[in-house]
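Have a look at the structure below before the remarks.
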Amino acid sequence: MQNDFPQLEPRENDAQNIWKSQTTEAYKMSADQLRHKLEQRRNSARFEAAKSIASGLIVFGFFAWAFTRYAELLPRIGCAVLCLWGAYLALQGFKSLQKRMVSDATLNPTLQSYRSELENQRDYARHIWRKAGLPFCLLGASLVILPRVIQSIHSSRLLESFLPLLVLFLVWLVVFFFVRRRRQQNLQHEIDQLRMLEKESQS
Amino acid sequence: MHGIELISGKPVTEDFLTQDSLYEQVAETYGPPLERLARAYELDPDLRCDLLQEIHLQLWRSFASFDQRCSLRTWVYRVAHNVATGHVVRQSRLRNRLVSIETIEATPGNDHTEHAASQAQALERLSTLIQQLKPLDRQIIVSYLEGMDAGSIGEITGLSPANIAMKVHRIKNILKRRFGEPRTGEGGLHAK
């Protein structure tokens, strides 16, 4: 293999020699093994999608049953919203099947591919709320729980019991959002650097 | 037509390039470099085996659409690095601790003062250095250690020759600092 870098010093050549002298086994998969592995991968993708769909349908079924048990209006609306959440989860599971089945290693240059991977990570973290249907979940749960909480607010003992937990939860929430924001900023910074490198390399 | 003829040193005709036969020949030619590449991305032997399997699977799948838009070697390394990079990026806790070549170069505290007594020790040090790097820098150092020229690294990564020259210059500085001249009477990287 030609090496068009300036003449290497002996020590640096050593690093290359050391690297290449690692013991390696002749690893190879037969055509049957490859096809079997691919089939396994597809089956696993189907199973994961089926699990998501089943979870969504169970949530839907449970809150549909709960809907019939409540007489008050607000909890009933809450249950209806939670039913919608279950249906949304099932739909997301179905959609993910297609994505899982076609996932392939990209043939793009590695710089571009790395940037895409980081962008996927960023988008995943950014849209996790929407993808998991959490607005439906929180709205529905609030409608079911809040009327009960409001009814029992006059009991000071209840408030005393829940106050430490509430404070801890709020502290955790603040730390969580702070760390998450910092990670997102670092990720975005790295993506911007890679974009700049890409631009430089294209010009 | 790019470097298809490099397979086993024989010219390869297009009708011969079926998915299976292409994979078989590539696995034979690039088996050891691919295994070293997997070691650069994963220390755990079990996970490394999974990663290597994944690289082979994705290579085989990719050969169904091999269109010679680039040389076979570039194709193989692009797929392998992309699969391995995906593996690293998905481990977000690990990813957050990775640093660039520039950071390592600017941190003199990381240099080892004593020299590696054996090849195994030297390899361990080299692996530790590689494992600290962000994927793009890892791709460059691995390609460099495999003896690739700037043009080939550029084709694989998509970086400009100027950027690669700068990175390789830094890699060489780091290697020189970490695997420098042994003191008199000591072994070192040179000792084999």
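A note on labels: chains of the structure tokens are A, B, ... as shown, every chain counts residues from 1, and ligands are counted from 1 in their shown order.
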- Message: Within 8 Å of chain A, which residues belong to chain B? Use only C-alpha atoms and report them as a PyMOL selection string.
- Response: chain B and resi 20+24+27-28+31-32+35-36+53+56-58+60+62+75+78-79+81-83+85-86+89-90+119+122-123+126+135-136+144-150+155-160+163+165+172+175-176+179-181+189-190
Selection file, C-alpha atoms, as a compact mmCIF listing (two decimals), in the first residue's frame:
# COMPACT_ATOMS: atom_id res chain seq x y z
CA ASP B 20 -22.17 -13.96 -2.10
CA GLU B 24 -16.59 -14.23 0.31
CA ALA B 27 -14.02 -11.41 3.87
CA GLU B 28 -10.88 -13.23 2.88
CA GLY B 31 -10.92 -10.14 7.33
CA PRO B 32 -7.90 -9.17 9.50
CA GLU B 35 -11.19 -7.41 12.95
CA ARG B 36 -8.65 -4.77 13.94
CA GLN B 53 -20.82 -9.93 12.83
CA HIS B 56 -20.00 -8.59 7.96
CA LEU B 57 -23.78 -8.72 7.67
CA GLN B 58 -24.03 -5.11 6.51
CA TRP B 60 -22.93 -8.64 2.57
CA SER B 62 -24.49 -3.74 0.73
CA TRP B 75 -16.78 0.74 -0.01
CA ARG B 78 -17.05 3.10 4.62
CA VAL B 79 -19.59 0.42 5.54
CA HIS B 81 -16.68 2.45 9.89
CA ASN B 82 -20.29 3.56 9.56
CA VAL B 83 -21.58 0.44 11.32
CA THR B 85 -19.63 4.52 14.46
CA GLY B 86 -23.33 3.80 14.87
CA VAL B 89 -22.95 6.80 18.97
CA ARG B 90 -25.73 4.66 20.42
CA GLN B 119 4.53 -5.48 22.23
CA ALA B 122 2.40 -1.16 23.55
CA LEU B 123 -0.68 -2.48 21.80
CA LEU B 126 -2.33 2.21 21.50
CA PRO B 135 -15.44 8.39 15.91
CA LEU B 136 -14.16 10.63 13.12
CA TYR B 144 -3.41 5.73 9.22
CA LEU B 145 -2.27 2.74 11.28
CA GLU B 146 -3.45 0.45 8.48
CA GLY B 147 -0.98 2.31 6.26
CA MET B 148 -3.48 4.11 4.05
CA ASP B 149 -2.51 7.19 2.09
CA ALA B 150 -4.18 10.59 2.46
CA GLU B 155 -12.30 8.95 0.03
CA ILE B 156 -13.47 7.00 3.07
CA THR B 157 -14.13 9.91 5.40
CA GLY B 158 -15.05 12.66 2.94
CA LEU B 159 -12.52 15.02 4.54
CA SER B 160 -10.31 17.28 2.44
CA ASN B 163 -7.80 18.42 6.97
CA ALA B 165 -2.84 16.15 6.64
CA LYS B 172 2.09 11.53 14.53
CA LEU B 175 2.41 8.77 18.75
CA LYS B 176 5.87 10.28 18.96
CA PHE B 179 5.77 5.92 22.04
CA GLY B 180 8.99 7.95 22.06
CA GLU B 181 12.65 6.96 22.28
CA LEU B 189 7.92 -0.12 20.79
CA HIS B 190 10.90 -0.79 18.62
- Test item, helix (DSSP H, G or I) assignment across range 2-146 of chain B, answer as a count of residues only: 108
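For range 93-100 of chain A, the list of residues within 9 Å, based on only C-alpha atoms and with local chain neighbours fewer than 6 positions off taken out, reads Arg42, Ala45, Arg46, Glu48, Ala49, Ala50, Lys51, Ser52, Ile53, Ala54 and Gly56 of chain A.
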